[in-house]
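Pasting work03.cif here (mmCIF, C-alpha atoms):
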data_start
#
loop_
_atom_site.label_atom_id
_atom_site.label_comp_id
_atom_site.auth_asym_id
_atom_site.auth_seq_id
_atom_site.Cartn_x
_atom_site.Cartn_y
_atom_site.Cartn_z
CA MET A 28 29.49 -8.19 22.24
CA ALA A 29 32.14 -6.14 24.04
CA ARG A 30 32.57 -3.94 20.97
CA TRP A 31 28.79 -3.52 20.71
CA CYS A 32 28.61 -2.47 24.38
CA LEU A 33 31.36 0.07 23.86
CA GLN A 34 29.63 1.51 20.82
CA GLY A 35 26.42 1.71 22.81
CA ARG A 36 28.20 4.04 25.26
CA GLN A 37 29.49 6.38 22.54
CA ASP A 38 27.94 8.87 20.18
CA ARG A 39 28.75 8.90 16.43
CA GLU A 40 31.95 10.91 17.00
CA GLY A 41 33.22 8.43 19.60
CA ARG A 42 32.63 10.61 22.67
CA ASP A 43 31.56 8.80 25.82
CA VAL A 44 27.88 9.49 26.53
CA ARG A 45 27.46 7.55 29.78
CA GLY A 46 27.50 10.67 31.91
CA ARG A 47 25.26 12.76 29.67
CA PRO A 48 21.57 13.43 30.42
CA ALA A 49 19.12 10.73 29.31
CA ALA A 50 17.55 12.99 26.67
CA ALA A 51 20.92 13.67 25.09
CA ARG A 52 21.87 9.99 25.18
CA GLY A 53 18.56 9.08 23.56
CA ARG A 54 19.30 11.18 20.50
CA THR A 55 21.93 8.65 19.42
CA LEU A 56 19.12 6.11 18.99
CA SER A 57 17.01 8.19 16.59
CA ALA A 58 19.22 7.93 13.52
CA LEU A 59 16.88 5.45 11.79
CA SER A 60 14.41 8.16 10.82
CA SER A 61 17.16 10.09 9.06
CA ALA A 62 17.49 7.22 6.59
CA LEU A 63 13.84 7.58 5.59
CA PRO A 64 12.35 10.00 3.05
CA ASP A 65 10.19 12.91 4.17
CA PHE A 66 6.68 11.80 5.10
CA PRO A 67 4.88 12.71 1.86
CA TRP A 68 1.63 13.97 3.27
CA ASP A 69 3.36 16.61 5.40
CA LEU A 70 4.47 18.26 2.15
CA LEU A 71 0.84 18.59 1.05
CA GLU A 72 -0.24 20.74 3.99
CA PRO A 73 0.06 24.14 2.18
CA ALA A 74 -2.17 22.91 -0.65
CA LYS A 75 -4.61 21.48 1.88
CA THR A 76 -4.82 24.84 3.64
CA LEU A 77 -5.47 26.57 0.31
CA ALA A 78 -8.18 24.08 -0.67
CA ALA A 79 -9.84 24.35 2.74
CA ALA A 80 -10.30 28.09 2.19
CA HIS A 81 -12.81 27.45 -0.61
CA PRO A 82 -16.22 28.97 0.29
CA ASP A 83 -17.92 25.59 -0.13
CA GLY A 84 -15.23 23.70 1.74
CA ILE A 85 -12.53 21.27 0.68
CA VAL A 86 -13.05 18.22 -1.50
CA ASP A 87 -10.24 15.96 -0.34
CA LEU A 88 -9.39 13.48 -3.10
CA SER A 89 -5.78 13.05 -1.99
CA VAL A 90 -6.04 9.97 0.22
CA GLY A 91 -7.79 6.65 -0.38
CA THR A 92 -9.62 6.72 2.95
CA PRO A 93 -13.06 5.02 2.84
CA VAL A 94 -15.99 7.26 3.79
CA ASP A 95 -18.88 4.81 3.44
CA PRO A 96 -20.29 2.76 6.35
CA VAL A 97 -18.73 -0.45 7.62
CA PRO A 98 -21.04 -3.32 6.54
CA PRO A 99 -23.59 -4.08 9.29
CA ALA A 100 -22.66 -7.78 9.47
CA VAL A 101 -19.03 -6.82 10.10
CA GLN A 102 -20.00 -4.36 12.82
CA GLU A 103 -22.15 -7.04 14.46
CA ALA A 104 -19.31 -9.57 14.38
CA LEU A 105 -16.96 -7.05 15.98
CA SER A 106 -19.47 -6.26 18.70
CA ALA A 107 -20.23 -9.92 19.41
CA ALA A 108 -16.52 -10.60 19.94
CA SER A 109 -15.88 -7.50 22.05
CA ASP A 110 -15.69 -9.48 25.32
CA SER A 111 -12.21 -10.83 24.54
CA PRO A 112 -10.09 -10.55 27.70
CA GLY A 113 -7.39 -13.02 26.65
CA TYR A 114 -4.51 -12.66 24.23
CA PRO A 115 -5.42 -13.42 20.61
CA LEU A 116 -3.46 -15.79 18.39
CA THR A 117 -0.79 -14.21 16.19
CA ALA A 118 -1.55 -16.87 13.59
CA GLY A 119 -5.26 -16.02 13.69
CA THR A 120 -8.06 -18.28 14.86
CA PRO A 121 -8.63 -21.51 12.91
CA ALA A 122 -11.89 -19.98 11.62
CA LEU A 123 -10.09 -16.89 10.35
CA ARG A 124 -7.34 -18.91 8.68
CA ALA A 125 -10.00 -21.00 6.95
CA ALA A 126 -11.85 -17.87 5.84
CA ILE A 127 -8.66 -16.35 4.38
CA ALA A 128 -7.72 -19.57 2.58
CA GLY A 129 -11.24 -19.94 1.22
CA TRP A 130 -11.26 -16.36 -0.05
CA LEU A 131 -7.87 -16.79 -1.72
CA ALA A 132 -9.14 -19.92 -3.50
CA ARG A 133 -12.26 -18.13 -4.76
CA ALA A 134 -10.89 -14.68 -5.53
CA CYS A 135 -7.36 -15.54 -6.61
CA GLY A 136 -7.96 -18.73 -8.56
CA THR A 137 -5.51 -20.88 -6.62
CA THR A 138 -5.89 -24.59 -5.98
CA ALA A 139 -2.69 -24.90 -3.97
CA GLU A 140 -3.10 -24.71 -0.19
CA PRO A 141 -1.51 -21.41 0.86
CA GLY A 142 0.07 -20.43 4.10
CA VAL A 143 -1.98 -17.57 5.56
CA LEU A 144 -1.45 -14.99 8.28
CA PRO A 145 -3.56 -12.02 9.44
CA THR A 146 -1.78 -8.67 9.66
CA ILE A 147 -2.45 -5.32 11.31
CA GLY A 148 -3.65 -3.79 8.08
CA SER A 149 -1.30 -4.06 5.12
CA LYS A 150 0.94 -1.02 5.62
CA GLU A 151 2.77 -2.45 8.63
CA LEU A 152 3.47 -5.62 6.69
CA VAL A 153 4.72 -3.69 3.66
CA ALA A 154 7.01 -1.61 5.88
CA TRP A 155 8.45 -4.53 7.89
CA LEU A 156 8.34 -7.40 5.42
CA PRO A 157 11.94 -7.04 4.14
CA THR A 158 13.22 -7.02 7.72
CA LEU A 159 10.99 -9.94 8.75
CA LEU A 160 12.23 -11.99 5.80
CA GLY A 161 15.88 -11.36 6.60
CA VAL A 162 16.75 -8.70 4.02
CA ARG A 163 19.89 -6.96 5.28
CA PRO A 164 22.30 -4.13 4.43
CA GLY A 165 23.99 -4.90 1.12
CA ASP A 166 20.88 -6.63 -0.26
CA VAL A 167 18.69 -5.15 -2.98
CA VAL A 168 14.90 -4.76 -3.05
CA VAL A 169 13.28 -4.07 -6.44
CA ILE A 170 10.15 -1.90 -6.45
CA PRO A 171 8.02 -0.52 -9.32
CA SER A 172 9.22 2.71 -10.93
CA VAL A 173 5.99 4.41 -9.81
CA CYS A 174 4.59 3.02 -6.59
CA TYR A 175 3.30 3.26 -3.04
CA PRO A 176 6.07 5.00 -1.01
CA THR A 177 6.12 2.39 1.77
CA TYR A 178 7.85 -0.18 -0.45
CA GLU A 179 10.93 2.03 -0.41
CA VAL A 180 10.51 2.75 3.30
CA GLY A 181 10.46 -0.96 4.09
CA ALA A 182 13.68 -1.55 2.17
CA ARG A 183 15.39 1.35 3.92
CA LEU A 184 14.27 0.14 7.34
CA ALA A 185 16.08 -3.10 6.54
CA GLY A 186 19.15 -1.13 5.39
CA ALA A 187 18.82 -2.47 1.85
CA GLU A 188 19.39 -0.74 -1.47
CA VAL A 189 16.36 0.09 -3.63
CA ILE A 190 16.12 -0.32 -7.40
CA ARG A 191 13.09 1.19 -9.12
CA SER A 192 12.33 -0.82 -12.23
CA ASP A 193 9.43 -2.35 -14.14
CA SER A 194 11.80 -4.44 -16.27
CA LEU A 195 13.71 -7.49 -15.13
CA THR A 196 16.14 -6.90 -17.98
CA ALA A 197 17.00 -3.52 -16.49
CA VAL A 198 17.70 -5.17 -13.12
CA GLY A 199 20.33 -7.33 -14.80
CA PRO A 200 22.29 -10.16 -13.16
CA ASP A 201 22.57 -8.47 -9.75
CA ARG A 202 22.95 -11.33 -7.27
CA ARG A 203 22.19 -8.98 -4.38
CA VAL A 204 18.46 -8.91 -5.27
CA LYS A 205 16.52 -10.63 -2.48
CA LEU A 206 12.98 -9.36 -2.90
CA ILE A 207 10.80 -8.00 -5.72
CA TRP A 208 7.65 -6.00 -5.06
CA ILE A 209 4.93 -5.92 -7.70
CA ASN A 210 1.60 -4.11 -7.35
CA SER A 211 -1.39 -4.97 -9.48
CA PRO A 212 -3.75 -3.16 -9.62
CA SER A 213 -1.26 -0.37 -9.03
CA ASN A 214 -1.44 2.40 -6.52
CA PRO A 215 -1.31 5.11 -7.85
CA THR A 216 -1.64 4.35 -11.58
CA GLY A 217 -4.42 1.77 -11.64
CA ARG A 218 -2.37 -0.32 -14.07
CA VAL A 219 -3.08 -4.06 -14.16
CA LEU A 220 -0.27 -6.50 -14.95
CA PRO A 221 -1.17 -9.25 -17.44
CA VAL A 222 -0.75 -12.93 -16.65
CA ALA A 223 2.26 -13.26 -18.95
CA HIS A 224 4.11 -10.51 -17.08
CA LEU A 225 3.32 -12.00 -13.67
CA ARG A 226 4.48 -15.43 -14.80
CA LYS A 227 7.70 -13.98 -16.19
CA VAL A 228 8.49 -12.27 -12.87
CA VAL A 229 7.80 -15.43 -10.87
CA ASP A 230 9.90 -17.60 -13.20
CA TRP A 231 12.79 -15.11 -13.15
CA ALA A 232 12.72 -14.90 -9.36
CA ARG A 233 12.56 -18.65 -8.83
CA GLU A 234 15.60 -19.21 -11.01
CA ARG A 235 17.55 -16.86 -8.71
CA GLY A 236 16.07 -17.70 -5.31
CA VAL A 237 14.38 -14.28 -5.05
CA THR A 238 11.09 -13.74 -3.19
CA VAL A 239 8.22 -12.14 -5.12
CA VAL A 240 5.64 -10.18 -3.12
CA SER A 241 2.53 -8.85 -4.82
CA ASP A 242 0.48 -6.09 -3.22
CA GLU A 243 -3.08 -6.87 -4.30
CA CYS A 244 -5.13 -4.58 -2.06
CA TYR A 245 -7.22 -3.39 -5.03
CA LEU A 246 -7.81 -6.80 -6.61
CA SER A 247 -11.59 -6.54 -6.17
CA LEU A 248 -11.76 -3.20 -7.98
CA GLY A 249 -11.22 -3.93 -11.65
CA TRP A 250 -13.09 -1.59 -14.01
CA GLU A 251 -11.87 -2.02 -17.57
CA THR A 252 -10.14 -5.36 -17.01
CA THR A 253 -10.14 -8.18 -14.48
CA PRO A 254 -7.00 -8.21 -12.30
CA VAL A 255 -5.23 -11.53 -11.80
CA SER A 256 -3.53 -12.54 -8.56
CA VAL A 257 0.08 -13.64 -8.48
CA LEU A 258 -1.20 -16.74 -6.64
CA ALA A 259 -3.39 -17.82 -9.55
CA ASP A 260 -2.61 -21.27 -10.92
CA GLU A 261 -2.07 -19.77 -14.38
CA VAL A 262 0.80 -17.73 -12.89
CA THR A 263 2.39 -20.14 -10.42
CA GLY A 264 1.48 -23.50 -11.93
CA GLY A 265 -0.21 -24.38 -8.66
CA ASP A 266 3.00 -23.94 -6.65
CA HIS A 267 3.39 -20.96 -4.28
CA THR A 268 7.11 -21.45 -3.64
CA GLY A 269 8.82 -18.07 -3.28
CA VAL A 270 5.60 -16.11 -3.79
CA LEU A 271 3.48 -14.04 -1.39
CA ALA A 272 0.36 -11.93 -1.92
CA VAL A 273 -0.62 -9.07 0.41
CA HIS A 274 -4.30 -8.20 0.82
CA SER A 275 -6.35 -5.71 2.80
CA LEU A 276 -9.97 -5.30 3.81
CA SER A 277 -9.58 -1.52 4.03
CA LYS A 278 -10.82 -0.85 0.50
CA ARG A 279 -13.16 -3.71 -0.40
CA SER A 280 -14.97 -3.69 2.98
CA ASN A 281 -14.37 -0.14 4.32
CA LEU A 282 -12.28 -1.50 7.21
CA ALA A 283 -9.39 0.95 7.14
CA GLY A 284 -10.15 1.85 10.75
CA TYR A 285 -10.07 -1.81 11.79
CA ARG A 286 -6.51 -2.40 10.47
CA ALA A 287 -7.45 -5.73 8.92
CA GLY A 288 -5.16 -7.33 6.36
CA PHE A 289 -3.50 -10.64 5.57
CA VAL A 290 -0.74 -12.30 3.61
CA GLY A 291 -0.93 -15.61 1.80
CA GLY A 292 1.29 -17.82 -0.33
CA ASP A 293 4.42 -19.90 0.22
CA PRO A 294 3.78 -21.85 3.47
CA ALA A 295 7.47 -21.80 4.37
CA LEU A 296 7.71 -18.03 4.05
CA VAL A 297 4.47 -17.55 5.99
CA ALA A 298 5.79 -19.84 8.74
CA GLU A 299 8.93 -17.71 8.97
CA LEU A 300 6.84 -14.54 9.22
CA LEU A 301 4.73 -16.12 11.96
CA ALA A 302 7.77 -17.21 13.93
CA VAL A 303 9.20 -13.68 13.96
CA ARG A 304 5.87 -11.91 14.50
CA LYS A 305 5.19 -14.02 17.60
CA HIS A 306 8.29 -12.56 19.19
CA ALA A 307 7.52 -9.02 17.97
CA GLY A 308 3.95 -8.93 19.27
CA MET A 309 2.39 -8.19 15.86
CA ILE A 310 -1.09 -9.49 16.67
CA VAL A 311 -4.48 -8.65 15.16
CA PRO A 312 -6.98 -8.03 18.01
CA ALA A 313 -9.51 -10.81 18.57
CA PRO A 314 -12.62 -8.69 17.79
CA VAL A 315 -11.03 -7.61 14.51
CA GLN A 316 -10.27 -11.23 13.65
CA ALA A 317 -13.97 -12.02 14.10
CA ALA A 318 -14.93 -9.05 11.95
CA MET A 319 -12.54 -10.22 9.21
CA ILE A 320 -14.33 -13.56 9.02
CA ALA A 321 -17.64 -11.80 8.44
CA ALA A 322 -16.11 -9.59 5.73
CA LEU A 323 -14.37 -12.45 3.92
CA THR A 324 -17.42 -14.68 3.81
CA ASP A 325 -19.79 -12.12 2.28
CA GLU A 326 -19.45 -10.62 -1.20
CA THR A 327 -22.75 -8.73 -1.29
CA HIS A 328 -21.31 -5.71 0.52
CA VAL A 329 -18.32 -5.74 -1.85
CA ALA A 330 -20.61 -5.55 -4.88
CA ASP A 331 -22.56 -2.70 -3.28
CA GLN A 332 -19.36 -0.76 -2.57
CA ARG A 333 -18.07 -1.37 -6.10
CA ALA A 334 -21.27 0.19 -7.45
CA ARG A 335 -20.71 3.31 -5.35
CA TYR A 336 -17.13 3.66 -6.55
CA ALA A 337 -18.12 3.02 -10.17
CA ALA A 338 -20.59 5.92 -10.11
CA ARG A 339 -18.05 8.27 -8.51
CA ARG A 340 -15.41 7.15 -10.99
CA ASP A 341 -17.66 7.96 -13.94
CA THR A 342 -18.45 11.41 -12.54
CA LEU A 343 -14.83 12.31 -11.85
CA ARG A 344 -13.43 10.84 -15.07
CA THR A 345 -15.95 12.75 -17.18
CA ALA A 346 -15.28 16.01 -15.33
CA LEU A 347 -11.49 15.65 -15.52
CA THR A 348 -11.54 14.85 -19.23
CA LYS A 349 -13.74 17.86 -19.98
CA ALA A 350 -11.34 20.01 -17.94
CA GLY A 351 -8.44 19.04 -20.21
CA PHE A 352 -6.89 16.23 -18.18
CA GLU A 353 -5.60 13.06 -19.78
CA ILE A 354 -6.31 9.88 -17.82
CA SER A 355 -3.49 7.33 -17.90
CA HIS A 356 -4.02 3.62 -17.09
CA SER A 357 -6.64 3.72 -14.29
CA GLU A 358 -8.26 0.49 -15.46
CA ALA A 359 -8.61 -0.68 -11.84
CA GLY A 360 -8.30 0.53 -8.26
CA LEU A 361 -9.58 3.54 -6.35
CA TYR A 362 -7.79 6.32 -8.24
CA LEU A 363 -7.66 8.21 -11.51
CA TRP A 364 -4.10 8.85 -12.69
CA ALA A 365 -4.42 12.23 -14.39
CA THR A 366 -2.13 14.73 -16.10
CA ARG A 367 -2.21 18.16 -17.71
CA ASP A 368 1.34 17.61 -18.96
CA GLU A 369 2.78 20.03 -16.44
CA ASP A 370 4.67 19.73 -13.17
CA CYS A 371 2.47 17.85 -10.73
CA TRP A 372 2.79 20.52 -8.04
CA ALA A 373 1.46 23.12 -10.48
CA THR A 374 -1.57 20.90 -11.06
CA VAL A 375 -2.02 20.39 -7.31
CA ASP A 376 -2.00 24.17 -6.88
CA ARG A 377 -4.54 24.72 -9.67
CA LEU A 378 -6.89 22.19 -8.13
CA ALA A 379 -6.39 23.55 -4.60
CA ARG A 380 -7.50 26.97 -5.80
CA ARG A 381 -10.79 25.28 -6.69
CA GLY A 382 -11.01 23.64 -3.28
CA ILE A 383 -9.91 20.21 -4.57
CA LEU A 384 -6.98 18.40 -2.96
CA ALA A 385 -5.10 15.84 -5.07
CA ALA A 386 -1.92 13.87 -4.43
CA PRO A 387 1.11 14.89 -6.53
CA GLY A 388 2.68 12.16 -8.61
CA ALA A 389 6.08 13.03 -7.14
CA PHE A 390 5.03 11.15 -4.00
CA TYR A 391 5.22 7.93 -5.99
CA GLY A 392 8.56 8.26 -7.74
CA PRO A 393 10.57 10.56 -10.04
CA ALA A 394 8.91 9.09 -13.14
CA ALA A 395 5.51 10.36 -11.96
CA ALA A 396 6.32 14.07 -11.70
CA ARG A 397 3.71 15.17 -14.28
CA HIS A 398 0.70 13.30 -12.91
CA VAL A 399 -1.67 13.66 -9.97
CA ARG A 400 -3.65 10.96 -8.20
CA ILE A 401 -7.38 11.57 -7.81
CA ALA A 402 -9.14 9.34 -5.25
CA MET A 403 -12.73 8.19 -5.55
CA THR A 404 -13.06 7.95 -1.78
CA ALA A 405 -15.29 10.93 -1.12
CA THR A 406 -19.02 11.12 -0.57
CA ASP A 407 -21.36 11.45 -3.54
CA GLU A 408 -22.01 15.06 -2.55
CA ARG A 409 -18.30 15.95 -2.43
CA VAL A 410 -17.62 14.18 -5.73
CA ALA A 411 -20.44 16.15 -7.35
CA ALA A 412 -18.95 19.35 -5.89
CA ALA A 413 -15.57 18.48 -7.39
CA ALA A 414 -17.16 17.90 -10.80
CA ASP A 415 -18.84 21.31 -10.64
CA ARG A 416 -15.56 23.02 -9.76
CA LEU A 417 -13.68 21.23 -12.53
CA ALA A 418 -16.10 22.83 -14.99
CA GLU A 419 -14.54 26.21 -14.18
CA PRO A 420 -11.99 27.30 -16.83
CA PHE A 421 -8.36 26.43 -15.97
CA THR A 422 -6.92 29.83 -16.79
CA ASP A 423 -4.76 30.35 -13.68
#

Representation of the structure as structure tokens:
Amino acid sequence: MARWCLQGRQDREGRDVRGRPAAARGRTLSALSSALPDFPWDLLEPAKTLAAAHPDGIVDLSVGTPVDPVPPAVQEALSAASDSPGYPLTAGTPALRAAIAGWLARACGTTAEPGVLPTIGSKELVAWLPTLLGVRPGDVVVIPSVCYPTYEVGARLAGAEVIRSDSLTAVGPDRRVKLIWINSPSNPTGRVLPVAHLRKVVDWARERGVTVVSDECYLSLGWETTPVSVLADEVTGGDHTGVLAVHSLSKRSNLAGYRAGFVGGDPALVAELLAVRKHAGMIVPAPVQAAMIAALTDETHVADQRARYAARRDTLRTALTKAGFEISHSEAGLYLWATRDEDCWATVDRLARRGILAAPGAFYGPAAARHVRIAMTATDERVAAAADRLAEPFTD
């Protein structure tokens, strides 16, 4: 403790900072951000400016932000619970926990009783999960070779090393591995992992005492195949030990603005997360908890939203194919993973000149540098506008 106190009074070169102005002293506490990659979307601003200059306005297909209305029943539940002056439960209300467990049983095909916990959307959980589970400097977190950037961010926040790999053989006998992220359906590729692959990952991890976490935010959006949860009995054998699944209501229920997510699986791991989150104040607001119950107990609005996305997907896929793009994977999820077999930033620029903003594959890993991600989360009118613009010859 004495050594820690001394270090707290010194900057990185060992100079005493006790007598320096508060602003100068504070700079010694900001080093954490320097360990993180650039925020990807800041790099897209020039292309966004170019696309916005189109005479008919921008068609922003770069971010998976829902644009359709929040289901009326969910809005009503939120409103009815708006008079909530007291602190909510970090663990979620008994009714919410029951709704989550019931949904996991129906949608994920699990007969085992999971531990469940509501989260403030899914991104905060992805970013803090390694830290909350005790991953530390010197440990290793395995993430997919092409994936959502926050998996890497979460590992770096914990001070851990990151290995990008889709193959357990490539990971080898590294005893430092503490956590494996899988993502099916994948963001950005739309790839769906088969049952045999999921079972192999779970078996490998259990033999080594490694935690498996599956990001399943797009589970309800299978198009050419039916995604399977890592919690399914056919994967786990009815035993959730060492396995967690992360879910979100942002996509299936248009609740991105509500920040409504949850994690389910190994009761012991969920209990550990709850114990730490109580101290950290990571609590889903009470009105949002009520809204989550309404969303989880109704599938009609999910079917309606799927139909909207299916129509937009058909329009965009047809237009992209006619424009010379090849669509890779994309059998599920909210995106089309497209390539013209050129550097992704060149493709982003070509599309921006037509007023269309796409996300470069480079955001998702070095192996994705020749693809772009096209989101289906735009209005029918904007999707139709994108299709019209894609019909223009790609000569530039």

When you count only C-alpha atoms, which of these residues is closest to Trp208 of chain A: A:Val255, A:Lys150, A:Arg381, A:Val270?
A:Val270

Across A:Thr138, A:Thr92, A:Thr268, A:Thr216, the smallest distance to His398 of chain A, with only C-alpha atoms counted, is shown by A:Thr216

Just want the 10 Å neighbourhood of Ile209 of chain A, counted on only C-alpha atoms, with same-chain residues fewer than 6 positions away dropped. Output as a VMD selection string.
chain A and resid 169 to 171 174 178 193 220 225 228 239 to 243 257 272

Nearest to Ile207 of chain A: which of A:Asp69, A:Asp166, A:Glu419, A:Asp95 is it, counting only C-alpha atoms?
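Answer, going by the shortest atom-to-atom distance: A:Asp166.
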
Picked residues, the PyMOL selection byres ((chain A and resi 276) around 8), as a CSV table (one decimal) with C-alpha atoms, keeping the file's coordinate frame:
chain,number,residue,atom,x,y,z
A,148,GLY,CA,-3.6,-3.8,8.1
A,244,CYS,CA,-5.1,-4.6,-2.1
A,274,HIS,CA,-4.3,-8.2,0.8
A,275,SER,CA,-6.4,-5.7,2.8
A,277,SER,CA,-9.6,-1.5,4.0
A,278,LYS,CA,-10.8,-0.8,0.5
A,279,ARG,CA,-13.2,-3.7,-0.4
A,280,SER,CA,-15.0,-3.7,3.0
A,281,ASN,CA,-14.4,-0.1,4.3
A,282,LEU,CA,-12.3,-1.5,7.2
A,283,ALA,CA,-9.4,1.0,7.1
A,287,ALA,CA,-7.4,-5.7,8.9
A,288,GLY,CA,-5.2,-7.3,6.4
A,319,MET,CA,-12.5,-10.2,9.2
A,322,ALA,CA,-16.1,-9.6,5.7

Show which residues sit within 7 Å of segment 127-132 of chain A, as a list of chain:residue names. Count only C-alpha atoms, and ignore same-chain residues fewer than 6 positions away.
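Result of the neighbour search: A:Thr138, A:Pro141, A:Val143, A:Leu323.
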
Extract, using all atoms listed in the file, all DNA, RNA and protein residues at most 12 Å from Ala107 of chain A, discarding same-chain residues fewer than 2 positions from it, and format them as a list in words.
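The filter keeps Ala100, Val101, Gln102, Glu103, Ala104, Leu105, Ser109, Asp110, Ser111, Ala313, Pro314, Val315, Gln316, Ala317, Ala318 and Ala321 of chain A.
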
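In this comparison, which uses all atoms listed in the file, the residue of A:Gly360, A:Val90, A:Arg163, A:Leu77 approaching Ala386 of chain A most closely is A:Val90.
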
Might you pull out every residue within 12 Å of segment 402-407 of chain A, with all atoms listed in the file counted and same-chain residues fewer than 3 positions away left off, and present them as number ranges by chain?
A: 85-96, 214-217, 248, 277-279, 281, 283, 332-344, 357, 359-365, 383-387, 399, 410-414

Would you kindly translate the PyMOL selection byres ((chain A and resi 180-188) around 9) into the concrete residues it picks from this file, as a list in words?
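The output of the PyMOL selection byres ((chain A and resi 180-188) around 9) on this file is Leu59, Ser60, Ala62, Leu63, Pro64, Leu152, Val153, Ala154, Trp155, Leu156, Pro157, Thr158, Leu159, Gly161, Val162, Arg163, Pro164, Gly165, Asp166, Val167, Val168, Val169, Pro176, Thr177, Tyr178, Glu179, Val189 and Ile190 of chain A.
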
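Between atom CA of Trp250 of chain A and atom CA of Glu358 of chain A the interatomic distance comes to 5.5 Å.
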
Selection in question (the file shown): the PyMOL selection byres ((chain A and resi 380) around 12). Which residues does it include, as a PDB file with C-alpha atoms, in the coordinates of the input?
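So the final result, stored in expr.pdb, reads:
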ATOM      1  CA  PRO A  73       0.060  24.140   2.180  1.00  0.00           C
ATOM      2  CA  ALA A  74      -2.170  22.910  -0.650  1.00  0.00           C
ATOM      3  CA  LYS A  75      -4.610  21.480   1.880  1.00  0.00           C
ATOM      4  CA  THR A  76      -4.820  24.840   3.640  1.00  0.00           C
ATOM      5  CA  LEU A  77      -5.470  26.570   0.310  1.00  0.00           C
ATOM      6  CA  ALA A  78      -8.180  24.080  -0.670  1.00  0.00           C
ATOM      7  CA  ALA A  79      -9.840  24.350   2.740  1.00  0.00           C
ATOM      8  CA  ALA A  80     -10.300  28.090   2.190  1.00  0.00           C
ATOM      9  CA  HIS A  81     -12.810  27.450  -0.610  1.00  0.00           C
ATOM     10  CA  PRO A  82     -16.220  28.970   0.290  1.00  0.00           C
ATOM     11  CA  ASP A  83     -17.920  25.590  -0.130  1.00  0.00           C
ATOM     12  CA  GLY A  84     -15.230  23.700   1.740  1.00  0.00           C
ATOM     13  CA  ILE A  85     -12.530  21.270   0.680  1.00  0.00           C
ATOM     14  CA  VAL A  86     -13.050  18.220  -1.500  1.00  0.00           C
ATOM     15  CA  ALA A 373       1.460  23.120 -10.480  1.00  0.00           C
ATOM     16  CA  THR A 374      -1.570  20.900 -11.060  1.00  0.00           C
ATOM     17  CA  VAL A 375      -2.020  20.390  -7.310  1.00  0.00           C
ATOM     18  CA  ASP A 376      -2.000  24.170  -6.880  1.00  0.00           C
ATOM     19  CA  ARG A 377      -4.540  24.720  -9.670  1.00  0.00           C
ATOM     20  CA  LEU A 378      -6.890  22.190  -8.130  1.00  0.00           C
ATOM     21  CA  ALA A 379      -6.390  23.550  -4.600  1.00  0.00           C
ATOM     22  CA  ARG A 381     -10.790  25.280  -6.690  1.00  0.00           C
ATOM     23  CA  GLY A 382     -11.010  23.640  -3.280  1.00  0.00           C
ATOM     24  CA  ILE A 383      -9.910  20.210  -4.570  1.00  0.00           C
ATOM     25  CA  LEU A 384      -6.980  18.400  -2.960  1.00  0.00           C
ATOM     26  CA  ALA A 385      -5.100  15.840  -5.070  1.00  0.00           C
ATOM     27  CA  ALA A 413     -15.570  18.480  -7.390  1.00  0.00           C
ATOM     28  CA  ARG A 416     -15.560  23.020  -9.760  1.00  0.00           C
ATOM     29  CA  LEU A 417     -13.680  21.230 -12.530  1.00  0.00           C
ATOM     30  CA  GLU A 419     -14.540  26.210 -14.180  1.00  0.00           C
ATOM     31  CA  PRO A 420     -11.990  27.300 -16.830  1.00  0.00           C
ATOM     32  CA  PHE A 421      -8.360  26.430 -15.970  1.00  0.00           C
ATOM     33  CA  THR A 422      -6.920  29.830 -16.790  1.00  0.00           C
ATOM     34  CA  ASP A 423      -4.760  30.350 -13.680  1.00  0.00           C
TER      35      ASP A 423
END

Just want the 9 Å neighbourhood of Gly269 of chain A, counted on all atoms listed in the file, with same-chain residues fewer than 2 positions away dropped. Output as number ranges by chain.
A: 229, 232-233, 236-240, 266-267, 271, 292-293, 295-296

Mind giving me the straight-line distance from atom CA of Gly199 of chain A to atom CA of Gly265 of chain A in Å, one decimal?
27.4 Å

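The space separating atom CA of Arg226 of chain A from atom CA of Tyr391 of chain A comes to 25.0 Å.
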
Centre, edges in Å (one decimal): axis-aligned box, segment 203-209 of chain A, 6 Å padding on all six sides, as lines of an AutoDock Vina configuration file:
center_x = 13.6
center_y = -8.3
center_z = -5.1
size_x = 29.3
size_y = 16.7
size_z = 17.2

Select, from A:Ala350, A:Val219, A:Ala395, A:Val198, the residue with the minimum atom-to-atom distance to Trp231 of chain A, counting all atoms listed in the file.
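Smallest separation from Trp231 of chain A among the options: A:Val198.
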
Using all atoms listed in the file for the distances, tell me which of A:Arg202, A:Ile354, A:Ser256, A:Ser213 is nearest to Ser172 of chain A.
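Among the listed residues, the smallest separation from Ser172 of chain A belongs to A:Ser213.
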